[in-house]
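Note sheet for the following structure.
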Number of protein chains: 2
Amino acid sequence: MTSSFRRERLQDLDARDPLAAMRTHFEIPAGLIYLDGNSLGALPKRVADRLESVIRHEWGEGLIRSWTQTDWYELPRLVGERIAPLIGAAADEVIATDSTSANLFKLAAAAVHMRPGRKVLLTERGNFQTDVYILESLASMFRGGIILRVIERPELIAAIDEDVALVVLTHVHYRTGEIFDMAGVTAAAQARGALALWDLSHSAGALQVDLNGAGADMAVGCGYKFLNGGPGAPAYLFAARRHHEQLRQPLSGWAGHARPFAFEDRYEPASAMGRFLCGSPPILGLAALHEALAVFAGVNMADIRAKSSLMGDLFIELLQPDCARFGLTLVSPTDSRIRGSHVSLVHPQGFAITRSLAAHGLICDYREPGAMRFGFSPLYLRYQDIGRAIEILRHVMTEQLYNQAEYQRRHAVT
Amino acid sequence: MTSSFRRERLQDLDARDPLAAMRTHFEIPAGLIYLDGNSLGALPKRVADRLESVIRHEWGEGLIRSWTQTDWYELPRLVGERIAPLIGAAADEVIATDSTSANLFKLAAAAVHMRPGRKVLLTERGNFQTDVYILESLASMFRGGIILRVIERPELIAAIDEDVALVVLTHVHYRTGEIFDMAGVTAAAQARGALALWDLSHSAGALQVDLNGAGADMAVGCGYKFLNGGPGAPAYLFAARRHHEQLRQPLSGWAGHARPFAFEDRYEPASAMGRFLCGSPPILGLAALHEALAVFAGVNMADIRAKSSLMGDLFIELLQPDCARFGLTLVSPTDSRIRGSHVSLVHPQGFAITRSLAAHGLICDYREPGAMRFGFSPLYLRYQDIGRAIEILRHVMTEQLYNQAEYQRRHAVT
């Protein structure tokens, strides 16, 4: 594909993009190609105004009265209501609070309580590390000899036996971008009496996630990637309604009490997902996430998924001819049906390359060892950005600009 | 004391107040007497500007780069450094993250690990409920038959025996404002081989807390009361340096790893307090708290304590003659040496009274059953505010404005 033909094709895709107008809702620095919305989503313009209002009016003028006179107290549920349609959940099945890690701890503990006698938490080797750390810690402290079993992906289904209380997997793998078969694994887990919990951190907002369609039991996810909630935004958790009244979680703080202002001596969990609240809700973070999610109103998730898939396909198609020459290894699936919204390339000097790309106006992120992740956020990226990203990548790799010694040799004034 | 003499005395106190100028750092709605800084501190003006910069520049323009190019990643420690001098801790002994409840869970679990064989968590009956709920939950899930023992305050010291791993108390009682003898109880706990953990939620920023002077082992506290960090601000935790390398906490998320970006399969806790981080730090909340704490720079905590004590004394002195007539019961100590920075009055119709006071421009808060808490935030209150608060309170009580039927009888147009 020649450069001019390619440019024309990408411009044509942009012209026909049903999401093209969404970019205007975001602050995107001029001249920057930002392929890292999978790590920190861009700022939705309306968030800055909302936070100013929350701080100056609701906090500054309303003071304590805003806990009852604004939406503060309801924000964990209101955020949940906005996330629910993005992940195939009902509004009362999702609530936002704390971090993804803390929420995983709560739900995994609840699952152990729901499956007395079963002693195993199961996950795959290479799952996002924090999920493994949390499960390991939970198992080590829990009454009754709970253990964590970490299994290679191909052996995972076979490893679900009658000792397994809970299977915990990340829907879209943080490193490779590969999508797990949520419905299939969930059914396999349930067939053996186990529960299935999905980490949606790399899925929500980028894929058509259908938790209830897949029969999932539980899920967690973060607010700052494709949901654009800002740095360290509150996370969320999901539990299927059929489980609600059995859920017992260990971080039983006052905010999750059935009557938090009655100051009763005995803890009694709030109904439904309210019981997963622990301390006072973090209003600034919740308000930012709540406002960021408003951008999704009226957006068709099928359009988001189609654009993200095509962007990934284009990225791979435009780069693949040069991968071997550049020493780049594609570790993401080429089949977009099993690939999430990022593409990862591995190179021994991946970190240096990432730095060099950034210096040339292309932001991606880096994960040890060697992986560069290029994320496609359909709400604010243009197809021409993909073309420009490939140009920059090809330039940096051809000139070996990441290799300081090589760079100096070429540009040496002799 | 006549009304004019009282006014003169309060004006004189304001004129001589070394903290008088601090009020200019806060947004205080005109005409409002805000005696609820013990529930949600007022907005420090600089916080609004800082958050605007964090959102528009650091997030909006810097995007993912701000994790390495700004203070984001260091904020939990930087906030800890600013809290440390307010609570008698060294800078590396305090870190800010998560909620008070979650932090209590982490530290109490760490304490159980440090005292193997000891099975009891001890607290007082009537401690802030969330602390009791969290301890109860931790005990119920922990390996090895851990139990929670809840003891009346007078019997507490005697109840510390060789089964006790940890004594958990709130330094200033949320309801009565009574101060525990931190040094005495800590020494008693340690004499029996137990650890002592203090909840400083109602102390930090209002009292001269001296954790290391008292030999305390651990502490938690919230950021949104006298520290003015905003609604649901991140909380903090303290552990004495002598314990740092033994601390093992269950919410072992990636942010508390020794090398969070190495993505290692095995969890290895970060040094010192860094291991208490769990998920991605909540940047909006941390930045607000960090900026709010800047207001304390150069402020003498002795001045804060002296002013808060005197305000409480004045409040009691001005009201006490009428308490019996109004049916109000003072449940806080009259001796300011054992009283924190709020005064509580109980009345069967406390809730209705609180509402009526608010309608007349006096904000306090209400805690079931029957308690109205009047908090004194020395950084932004004036002595004349105390006088005005008493006037409003006396008016509402005299006229029984909280009693709708009585109010209608008096104002009936016949």
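Labels for the structure tokens follow display order: chains A, B, ..., residues from 1 in each chain, ligands from 1.
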Counting only C-alpha atoms, which residues of chain B sit at most 6 Å from some atom of chain A, and what is each one's closest atom pair with its distance in Å to one decimal, listed by chain and rising residue number, as CSV?
residue,atom,partner,partner_atom,distance
B:Glu27,CA,A:Gly60,CA,5.8
B:Pro29,CA,A:Glu61,CA,5.6
B:Leu40,CA,A:Ile64,CA,5.7
B:Leu43,CA,A:Gly60,CA,5.1
B:Gly60,CA,A:Leu43,CA,5.1
B:Glu61,CA,A:Pro29,CA,5.7
B:Ile64,CA,A:Leu40,CA,5.7
B:Ser99,CA,A:Gly279,CA,5.3
B:Ser101,CA,A:Gly279,CA,5.5
B:Thr130,CA,A:Trp254,CA,4.7
B:Tyr133,CA,A:Tyr267,CA,5.8
B:Ile134,CA,A:Ser252,CA,5.5
B:Ser137,CA,A:Pro250,CA,5.5
B:Met141,CA,A:Phe142,CA,5.6
B:Phe142,CA,A:Phe142,CA,5.1
B:Arg143,CA,A:Arg143,CA,3.9
B:Pro231,CA,A:Ile283,CA,5.6
B:Gly232,CA,A:Pro282,CA,4.1
B:Ala233,CA,A:Pro282,CA,5.9
B:Pro250,CA,A:Ser137,CA,5.5
B:Ser252,CA,A:Ile134,CA,5.5
B:Gly253,CA,A:Thr130,CA,4.9
B:Trp254,CA,A:Thr130,CA,4.7
B:Ala262,CA,A:Glu368,CA,5.7
B:Tyr267,CA,A:Tyr133,CA,5.8
B:Gly279,CA,A:Ser99,CA,5.3
B:Ser280,CA,A:Gly232,CA,5.0
B:Pro281,CA,A:Gly232,CA,5.1
B:Pro282,CA,A:Gly232,CA,4.1
B:Ile283,CA,A:Gly232,CA,5.6
B:Glu368,CA,A:Ala262,CA,5.7
Spatial neighbours of Thr354 (chain B), max dist 12 Å, only C-alpha atoms, sep filter under 6 positions, as a PyMOL selection string: (chain A and resi 65) or (chain B and resi 35-36+344-348+360-368+370-374+392-393+396-397+401-403)
Serialized selection, C-alpha atoms, as a PDB file, in the first residue's frame:
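Heads up, here's the output in result.pdb:
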ATOM      1  CA  ARG A  65     -25.019  19.996  53.685  1.00  0.00           C
TER       2      ARG A  65
ATOM      3  CA  LEU B  35     -19.327  24.269  63.568  1.00  0.00           C
ATOM      4  CA  ASP B  36     -18.989  21.086  61.550  1.00  0.00           C
ATOM      5  CA  SER B 344     -21.701  17.244  72.141  1.00  0.00           C
ATOM      6  CA  LEU B 345     -25.131  18.010  73.477  1.00  0.00           C
ATOM      7  CA  VAL B 346     -27.837  15.400  73.645  1.00  0.00           C
ATOM      8  CA  HIS B 347     -31.545  16.129  73.359  1.00  0.00           C
ATOM      9  CA  PRO B 348     -34.399  13.744  72.521  1.00  0.00           C
ATOM     10  CA  HIS B 360     -30.934  29.885  61.308  1.00  0.00           C
ATOM     11  CA  GLY B 361     -27.406  29.773  59.925  1.00  0.00           C
ATOM     12  CA  LEU B 362     -25.672  27.500  62.422  1.00  0.00           C
ATOM     13  CA  ILE B 363     -24.329  24.215  61.058  1.00  0.00           C
ATOM     14  CA  CYS B 364     -23.474  21.422  63.460  1.00  0.00           C
ATOM     15  CA  ASP B 365     -23.931  17.728  62.910  1.00  0.00           C
ATOM     16  CA  TYR B 366     -26.117  15.049  64.346  1.00  0.00           C
ATOM     17  CA  ARG B 367     -25.308  11.536  65.465  1.00  0.00           C
ATOM     18  CA  GLU B 368     -27.921   9.048  66.553  1.00  0.00           C
ATOM     19  CA  GLY B 370     -29.824  12.428  70.002  1.00  0.00           C
ATOM     20  CA  ALA B 371     -26.321  13.916  69.851  1.00  0.00           C
ATOM     21  CA  MET B 372     -25.555  17.291  68.326  1.00  0.00           C
ATOM     22  CA  ARG B 373     -21.835  17.789  67.770  1.00  0.00           C
ATOM     23  CA  PHE B 374     -20.390  21.284  67.670  1.00  0.00           C
ATOM     24  CA  ILE B 392     -28.853  31.020  67.662  1.00  0.00           C
ATOM     25  CA  LEU B 393     -28.962  27.938  69.838  1.00  0.00           C
ATOM     26  CA  VAL B 396     -34.066  28.045  68.763  1.00  0.00           C
ATOM     27  CA  MET B 397     -34.353  26.375  72.160  1.00  0.00           C
ATOM     28  CA  LEU B 401     -38.470  26.316  66.937  1.00  0.00           C
ATOM     29  CA  TYR B 402     -37.506  22.670  66.449  1.00  0.00           C
ATOM     30  CA  ASN B 403     -40.895  21.664  67.725  1.00  0.00           C
TER      31      ASN B 403
END
Can you tell me, as a PyMOL selection string, which residues in region 109-192 of chain B count as alpha helix (DSSP H) by DSSP? chain B and resi 109-114+129-141+182-191
Limited to N, CA, C and O atoms, could you put the picked residues into a file as an mmCIF file, in the first residue's frame?
data_model
loop_
_atom_site.group_PDB
_atom_site.id
_atom_site.type_symbol
_atom_site.label_atom_id
_atom_site.label_comp_id
_atom_site.auth_asym_id
_atom_site.auth_seq_id
_atom_site.Cartn_x
_atom_site.Cartn_y
_atom_site.Cartn_z
ATOM 1 N N ALA B 109 -4.672 -6.426 60.513
ATOM 2 C CA ALA B 109 -4.189 -7.713 60.009
ATOM 3 C C ALA B 109 -2.680 -7.831 60.203
ATOM 4 O O ALA B 109 -2.171 -8.886 60.601
ATOM 5 N N ALA B 110 -1.980 -6.742 59.940
ATOM 6 C CA ALA B 110 -0.523 -6.754 60.131
ATOM 7 C C ALA B 110 -0.183 -7.030 61.594
ATOM 8 O O ALA B 110 0.762 -7.763 61.902
ATOM 9 N N ALA B 111 -0.971 -6.457 62.486
ATOM 10 C CA ALA B 111 -0.719 -6.657 63.922
ATOM 11 C C ALA B 111 -0.927 -8.116 64.315
ATOM 12 O O ALA B 111 -0.157 -8.668 65.115
ATOM 13 N N VAL B 112 -1.953 -8.740 63.752
ATOM 14 C CA VAL B 112 -2.198 -10.159 64.061
ATOM 15 C C VAL B 112 -1.006 -11.002 63.594
ATOM 16 O O VAL B 112 -0.545 -11.906 64.309
ATOM 17 N N HIS B 113 -0.483 -10.682 62.407
ATOM 18 C CA HIS B 113 0.700 -11.404 61.927
ATOM 19 C C HIS B 113 1.894 -11.210 62.864
ATOM 20 O O HIS B 113 2.716 -12.099 63.027
ATOM 21 N N MET B 114 1.978 -10.024 63.459
ATOM 22 C CA MET B 114 3.139 -9.719 64.318
ATOM 23 C C MET B 114 3.043 -10.353 65.695
ATOM 24 O O MET B 114 4.014 -10.349 66.444
ATOM 25 N N GLN B 129 -18.383 3.058 65.078
ATOM 26 C CA GLN B 129 -18.896 1.759 64.647
ATOM 27 C C GLN B 129 -18.081 1.124 63.538
ATOM 28 O O GLN B 129 -17.878 -0.087 63.514
ATOM 29 N N THR B 130 -17.627 1.933 62.592
ATOM 30 C CA THR B 130 -16.927 1.316 61.465
ATOM 31 C C THR B 130 -15.684 0.578 61.937
ATOM 32 O O THR B 130 -15.327 -0.472 61.406
ATOM 33 N N ASP B 131 -15.033 1.101 62.965
ATOM 34 C CA ASP B 131 -13.839 0.435 63.476
ATOM 35 C C ASP B 131 -14.214 -0.923 64.062
ATOM 36 O O ASP B 131 -13.503 -1.912 63.875
ATOM 37 N N VAL B 132 -15.329 -0.964 64.752
ATOM 38 C CA VAL B 132 -15.776 -2.224 65.342
ATOM 39 C C VAL B 132 -16.178 -3.213 64.248
ATOM 40 O O VAL B 132 -15.814 -4.393 64.283
ATOM 41 N N TYR B 133 -16.913 -2.713 63.263
ATOM 42 C CA TYR B 133 -17.337 -3.604 62.162
ATOM 43 C C TYR B 133 -16.112 -4.226 61.472
ATOM 44 O O TYR B 133 -16.101 -5.415 61.134
ATOM 45 N N ILE B 134 -15.146 -3.385 61.189
ATOM 46 C CA ILE B 134 -13.953 -3.854 60.459
ATOM 47 C C ILE B 134 -13.199 -4.893 61.285
ATOM 48 O O ILE B 134 -12.777 -5.938 60.767
ATOM 49 N N LEU B 135 -13.041 -4.638 62.566
ATOM 50 C CA LEU B 135 -12.298 -5.579 63.415
ATOM 51 C C LEU B 135 -13.053 -6.903 63.525
ATOM 52 O O LEU B 135 -12.454 -7.977 63.516
ATOM 53 N N GLU B 136 -14.352 -6.795 63.630
ATOM 54 C CA GLU B 136 -15.168 -8.004 63.746
ATOM 55 C C GLU B 136 -15.047 -8.845 62.469
ATOM 56 O O GLU B 136 -14.893 -10.072 62.523
ATOM 57 N N SER B 137 -15.101 -8.174 61.351
ATOM 58 C CA SER B 137 -15.008 -8.872 60.079
ATOM 59 C C SER B 137 -13.632 -9.506 59.915
ATOM 60 O O SER B 137 -13.494 -10.659 59.496
ATOM 61 N N LEU B 138 -12.606 -8.750 60.239
ATOM 62 C CA LEU B 138 -11.243 -9.277 60.132
ATOM 63 C C LEU B 138 -11.097 -10.527 60.999
ATOM 64 O O LEU B 138 -10.587 -11.559 60.549
ATOM 65 N N ALA B 139 -11.571 -10.429 62.236
ATOM 66 C CA ALA B 139 -11.464 -11.571 63.150
ATOM 67 C C ALA B 139 -12.187 -12.783 62.574
ATOM 68 O O ALA B 139 -11.673 -13.904 62.599
ATOM 69 N N SER B 140 -13.371 -12.539 62.012
ATOM 70 C CA SER B 140 -14.183 -13.675 61.567
ATOM 71 C C SER B 140 -13.585 -14.384 60.360
ATOM 72 O O SER B 140 -13.855 -15.556 60.138
ATOM 73 N N MET B 141 -12.790 -13.681 59.557
ATOM 74 C CA MET B 141 -12.233 -14.340 58.375
ATOM 75 C C MET B 141 -10.827 -14.854 58.586
ATOM 76 O O MET B 141 -10.341 -15.663 57.808
ATOM 77 N N MET B 182 -3.417 8.434 75.473
ATOM 78 C CA MET B 182 -2.709 7.624 74.482
ATOM 79 C C MET B 182 -1.450 6.978 75.048
ATOM 80 O O MET B 182 -1.198 5.786 74.838
ATOM 81 N N ALA B 183 -0.670 7.765 75.773
ATOM 82 C CA ALA B 183 0.583 7.217 76.309
ATOM 83 C C ALA B 183 0.302 6.135 77.350
ATOM 84 O O ALA B 183 0.943 5.076 77.362
ATOM 85 N N GLY B 184 -0.681 6.395 78.198
ATOM 86 C CA GLY B 184 -0.975 5.441 79.269
ATOM 87 C C GLY B 184 -1.507 4.116 78.745
ATOM 88 O O GLY B 184 -1.044 3.033 79.144
ATOM 89 N N VAL B 185 -2.467 4.183 77.831
ATOM 90 C CA VAL B 185 -3.048 2.947 77.308
ATOM 91 C C VAL B 185 -2.024 2.199 76.455
ATOM 92 O O VAL B 185 -1.935 0.963 76.500
ATOM 93 N N THR B 186 -1.248 2.960 75.680
ATOM 94 C CA THR B 186 -0.213 2.313 74.865
ATOM 95 C C THR B 186 0.770 1.558 75.752
ATOM 96 O O THR B 186 1.125 0.398 75.476
ATOM 97 N N ALA B 187 1.201 2.212 76.824
ATOM 98 C CA ALA B 187 2.155 1.565 77.740
ATOM 99 C C ALA B 187 1.543 0.321 78.372
ATOM 100 O O ALA B 187 2.204 -0.721 78.499
ATOM 101 N N ALA B 188 0.277 0.419 78.738
ATOM 102 C CA ALA B 188 -0.391 -0.736 79.347
ATOM 103 C C ALA B 188 -0.489 -1.892 78.358
ATOM 104 O O ALA B 188 -0.272 -3.063 78.715
ATOM 105 N N ALA B 189 -0.812 -1.555 77.102
ATOM 106 C CA ALA B 189 -0.903 -2.604 76.074
ATOM 107 C C ALA B 189 0.459 -3.258 75.871
ATOM 108 O O ALA B 189 0.591 -4.486 75.855
ATOM 109 N N GLN B 190 1.473 -2.417 75.732
ATOM 110 C CA GLN B 190 2.807 -2.945 75.441
ATOM 111 C C GLN B 190 3.372 -3.730 76.616
ATOM 112 O O GLN B 190 4.113 -4.704 76.426
ATOM 113 N N ALA B 191 3.003 -3.318 77.826
ATOM 114 C CA ALA B 191 3.480 -4.044 79.011
ATOM 115 C C ALA B 191 2.993 -5.491 78.996
ATOM 116 O O ALA B 191 3.631 -6.379 79.572
#
Write out as an MDAnalysis selection string the residues lying within 12 Å of region 331-333 of chain B, counting only C-alpha atoms and excluding same-chain residues fewer than 6 positions away. chainID B and resid 172:180 309 312:313 315:316 320 323 339:347 370:375
For Tyr383 (chain B), list every protein, DNA or RNA residue within 8 Å, evaluated using only C-alpha atoms, and leave out those in the same chain fewer than 2 positions away; present the list as a PyMOL selection string. chain B and resi 10-11+13-14+311+381+385-387
List as a PyMOL selection string the protein and nucleic acid residues near Pro321 (chain A), meaning an atom at most 12 Å away when only C-alpha atoms are counted, but skip any in the same chain fewer than 5 places from it. chain A and resi 1+315-316+326-330+390+394
Pull all heavy atoms from the residues just selected and write them as a compact mmCIF listing (two decimals), in the first residue's frame.
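In the end it all went to again_13.txt:
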# COMPACT_ATOMS: atom_id res chain seq x y z
N MET A 1 0.86 -1.20 0.00
CA MET A 1 0.00 0.00 0.00
C MET A 1 0.89 1.25 0.00
O MET A 1 1.69 1.44 0.91
CB MET A 1 -0.89 -0.02 1.24
CG MET A 1 -1.89 1.08 1.28
SD MET A 1 -3.25 0.75 2.46
CE MET A 1 -2.37 0.72 4.02
N PHE A 315 -3.43 -1.15 12.23
CA PHE A 315 -2.12 -1.00 12.86
C PHE A 315 -1.25 -2.21 12.53
O PHE A 315 -0.08 -2.07 12.14
CB PHE A 315 -2.31 -0.85 14.37
CG PHE A 315 -1.05 -0.56 15.13
CD1 PHE A 315 -0.60 0.74 15.29
CD2 PHE A 315 -0.31 -1.59 15.71
CE1 PHE A 315 0.56 1.01 16.01
CE2 PHE A 315 0.85 -1.33 16.42
CZ PHE A 315 1.29 -0.03 16.57
N ILE A 316 -1.85 -3.38 12.67
CA ILE A 316 -1.09 -4.61 12.39
C ILE A 316 -0.76 -4.71 10.90
O ILE A 316 0.38 -4.99 10.51
CB ILE A 316 -1.89 -5.83 12.88
CG1 ILE A 316 -1.96 -5.83 14.42
CG2 ILE A 316 -1.26 -7.13 12.37
CD1 ILE A 316 -2.90 -6.87 15.01
N PHE A 326 12.48 -4.97 11.82
CA PHE A 326 12.68 -4.10 12.99
C PHE A 326 12.93 -4.88 14.28
O PHE A 326 13.13 -4.29 15.34
CB PHE A 326 11.45 -3.20 13.19
CG PHE A 326 11.24 -2.18 12.11
CD1 PHE A 326 9.95 -1.75 11.79
CD2 PHE A 326 12.31 -1.62 11.41
CE1 PHE A 326 9.73 -0.79 10.80
CE2 PHE A 326 12.10 -0.66 10.43
CZ PHE A 326 10.81 -0.25 10.11
N GLY A 327 12.85 -6.19 14.20
CA GLY A 327 13.04 -6.99 15.43
C GLY A 327 11.85 -6.90 16.37
O GLY A 327 11.98 -7.14 17.57
N LEU A 328 10.68 -6.56 15.82
CA LEU A 328 9.47 -6.44 16.64
C LEU A 328 8.67 -7.73 16.58
O LEU A 328 8.48 -8.30 15.51
CB LEU A 328 8.59 -5.29 16.11
CG LEU A 328 9.15 -3.88 16.25
CD1 LEU A 328 8.33 -2.89 15.43
CD2 LEU A 328 9.19 -3.45 17.72
N THR A 329 8.23 -8.21 17.72
CA THR A 329 7.39 -9.40 17.77
C THR A 329 5.98 -9.02 18.19
O THR A 329 5.78 -8.43 19.25
CB THR A 329 7.95 -10.42 18.79
OG1 THR A 329 9.32 -10.66 18.47
CG2 THR A 329 7.16 -11.72 18.74
N LEU A 330 5.03 -9.33 17.33
CA LEU A 330 3.62 -9.07 17.67
C LEU A 330 3.16 -10.14 18.65
O LEU A 330 3.19 -11.33 18.30
CB LEU A 330 2.79 -9.11 16.38
CG LEU A 330 1.27 -8.97 16.57
CD1 LEU A 330 0.90 -7.55 16.98
CD2 LEU A 330 0.54 -9.34 15.27
N ILE A 390 2.11 4.81 12.72
CA ILE A 390 2.96 3.87 11.98
C ILE A 390 4.16 4.60 11.36
O ILE A 390 5.28 4.10 11.37
CB ILE A 390 2.13 3.15 10.88
CG1 ILE A 390 1.07 2.26 11.55
CG2 ILE A 390 3.02 2.34 9.95
CD1 ILE A 390 1.61 1.08 12.33
N ARG A 394 7.83 3.59 12.30
CA ARG A 394 8.74 3.14 11.24
C ARG A 394 10.00 4.02 11.20
O ARG A 394 11.10 3.52 11.04
CB ARG A 394 7.99 3.17 9.91
CG ARG A 394 8.62 2.31 8.84
CD ARG A 394 7.76 2.28 7.59
NE ARG A 394 6.75 1.25 7.61
CZ ARG A 394 5.50 1.42 7.20
NH1 ARG A 394 5.09 2.60 6.78
NH2 ARG A 394 4.65 0.41 7.22
Computed interatomic separation between CA of Phe226 (chain A) and CA of Leu293 (chain A) (Å):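 Between these atoms lies a distance of 9.9 Å.
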DSSP on the backbone, then: every residue of region 76-228 of chain A marked strand (DSSP E), written as a list in words. Val94, Ile95, Ala96, Val120, Leu121, Leu122, Thr123, Glu124, Ile147, Leu148, Arg149, Val150, Ile151, Val164, Ala165, Leu166, Val167, Val168, Leu169, Thr170, Leu195, Ala196, Leu197, Trp198, Asp199, Met218, Ala219, Val220 and Gly221 of chain A
Using N, CA, C and O atoms, can you export the residues from the last selection as a CSV table (one decimal), in the first residue's frame?
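See result32.csv below for the written result:
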chain,number,residue,atom,x,y,z
A,94,VAL,N,-24.1,-3.0,39.8
A,94,VAL,CA,-22.8,-2.4,39.7
A,94,VAL,C,-22.7,-1.2,40.7
A,94,VAL,O,-23.6,-0.4,40.8
A,95,ILE,N,-21.5,-1.1,41.3
A,95,ILE,CA,-21.3,0.1,42.2
A,95,ILE,C,-19.8,0.5,42.1
A,95,ILE,O,-19.0,-0.4,41.9
A,96,ALA,N,-19.6,1.7,42.3
A,96,ALA,CA,-18.2,2.2,42.1
A,96,ALA,C,-17.6,2.7,43.5
A,96,ALA,O,-18.3,3.4,44.2
A,120,VAL,N,-10.1,-23.7,46.8
A,120,VAL,CA,-9.2,-23.2,45.8
A,120,VAL,C,-9.7,-22.0,45.1
A,120,VAL,O,-10.9,-21.9,44.6
A,121,LEU,N,-8.8,-21.0,45.0
A,121,LEU,CA,-9.0,-19.9,44.1
A,121,LEU,C,-8.2,-20.2,42.9
A,121,LEU,O,-7.0,-20.6,43.0
A,122,LEU,N,-8.7,-20.0,41.7
A,122,LEU,CA,-8.0,-20.4,40.5
A,122,LEU,C,-7.8,-19.2,39.5
A,122,LEU,O,-8.7,-18.4,39.3
A,123,THR,N,-6.6,-19.1,39.0
A,123,THR,CA,-6.4,-18.0,38.0
A,123,THR,C,-5.3,-18.5,37.0
A,123,THR,O,-4.8,-19.6,37.2
A,124,GLU,N,-5.1,-17.7,36.0
A,124,GLU,CA,-4.1,-18.2,35.0
A,124,GLU,C,-2.7,-17.5,35.3
A,124,GLU,O,-2.6,-16.4,35.8
A,147,ILE,N,-6.4,-22.0,49.2
A,147,ILE,CA,-5.1,-21.8,48.5
A,147,ILE,C,-5.4,-21.2,47.1
A,147,ILE,O,-6.5,-21.3,46.6
A,148,LEU,N,-4.4,-20.7,46.5
A,148,LEU,CA,-4.4,-20.1,45.2
A,148,LEU,C,-3.7,-21.1,44.2
A,148,LEU,O,-2.6,-21.5,44.5
A,149,ARG,N,-4.4,-21.4,43.2
A,149,ARG,CA,-3.8,-22.3,42.1
A,149,ARG,C,-3.6,-21.4,40.9
A,149,ARG,O,-4.6,-20.8,40.4
A,150,VAL,N,-2.4,-21.4,40.3
A,150,VAL,CA,-2.1,-20.6,39.2
A,150,VAL,C,-1.8,-21.5,38.0
A,150,VAL,O,-0.8,-22.3,38.1
A,151,ILE,N,-2.6,-21.5,37.0
A,151,ILE,CA,-2.5,-22.5,35.9
A,151,ILE,C,-2.3,-21.8,34.6
A,151,ILE,O,-2.7,-20.7,34.3
A,164,VAL,N,-12.6,-26.1,43.5
A,164,VAL,CA,-12.5,-24.7,43.1
A,164,VAL,C,-13.8,-23.9,43.5
A,164,VAL,O,-14.9,-24.2,43.2
A,165,ALA,N,-13.5,-22.9,44.3
A,165,ALA,CA,-14.6,-22.0,44.7
A,165,ALA,C,-14.8,-20.9,43.7
A,165,ALA,O,-15.9,-20.5,43.4
A,166,LEU,N,-13.7,-20.4,43.1
A,166,LEU,CA,-13.8,-19.2,42.3
A,166,LEU,C,-12.7,-19.2,41.2
A,166,LEU,O,-11.5,-19.5,41.5
A,167,VAL,N,-13.1,-18.9,40.0
A,167,VAL,CA,-12.1,-18.7,38.9
A,167,VAL,C,-12.0,-17.2,38.6
A,167,VAL,O,-13.1,-16.6,38.4
A,168,VAL,N,-10.8,-16.7,38.7
A,168,VAL,CA,-10.6,-15.2,38.5
A,168,VAL,C,-9.8,-15.0,37.2
A,168,VAL,O,-8.6,-15.5,37.2
A,169,LEU,N,-10.3,-14.3,36.3
A,169,LEU,CA,-9.6,-14.1,35.0
A,169,LEU,C,-9.8,-12.7,34.6
A,169,LEU,O,-10.8,-12.0,34.9
A,170,THR,N,-8.8,-12.2,33.8
A,170,THR,CA,-8.9,-10.9,33.2
A,170,THR,C,-9.5,-11.1,31.8
A,170,THR,O,-8.9,-11.9,31.0
A,195,LEU,N,-17.7,-20.4,41.0
A,195,LEU,CA,-18.1,-19.1,40.5
A,195,LEU,C,-17.0,-18.5,39.6
A,195,LEU,O,-15.8,-18.9,39.7
A,196,ALA,N,-17.4,-17.6,38.7
A,196,ALA,CA,-16.5,-17.0,37.8
A,196,ALA,C,-16.5,-15.4,38.0
A,196,ALA,O,-17.6,-14.8,38.0
A,197,LEU,N,-15.3,-14.9,38.2
A,197,LEU,CA,-15.1,-13.5,38.4
A,197,LEU,C,-14.2,-12.9,37.3
A,197,LEU,O,-13.1,-13.4,37.0
A,198,TRP,N,-14.7,-11.8,36.6
A,198,TRP,CA,-13.9,-11.3,35.5
A,198,TRP,C,-13.4,-9.9,35.9
A,198,TRP,O,-14.1,-9.0,36.3
A,199,ASP,N,-12.1,-9.7,35.5
A,199,ASP,CA,-11.5,-8.3,35.6
A,199,ASP,C,-11.7,-7.7,34.3
A,199,ASP,O,-11.1,-8.1,33.3
A,218,MET,N,-19.4,-12.5,39.0
A,218,MET,CA,-18.8,-11.3,39.6
A,218,MET,C,-17.9,-10.7,38.6
A,218,MET,O,-17.4,-11.3,37.7
A,219,ALA,N,-17.6,-9.4,38.8
A,219,ALA,CA,-16.6,-8.7,38.0
A,219,ALA,C,-16.1,-7.5,38.7
A,219,ALA,O,-16.7,-6.9,39.6
A,220,VAL,N,-14.9,-7.1,38.4
A,220,VAL,CA,-14.3,-5.8,38.8
A,220,VAL,C,-13.7,-5.1,37.6
A,220,VAL,O,-13.6,-5.7,36.6
A,221,GLY,N,-13.4,-3.8,37.8
A,221,GLY,CA,-12.8,-3.1,36.7
A,221,GLY,C,-12.4,-1.7,37.1
A,221,GLY,O,-12.8,-1.3,38.2
Could you tell me how far CA of Leu156 (chain B) sits from CA of Ala240 (chain B), in Å to one decimal place?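 So the two atoms, CA of Ala240 (chain B) and CA of Leu156 (chain B), lie 23.1 Å apart.
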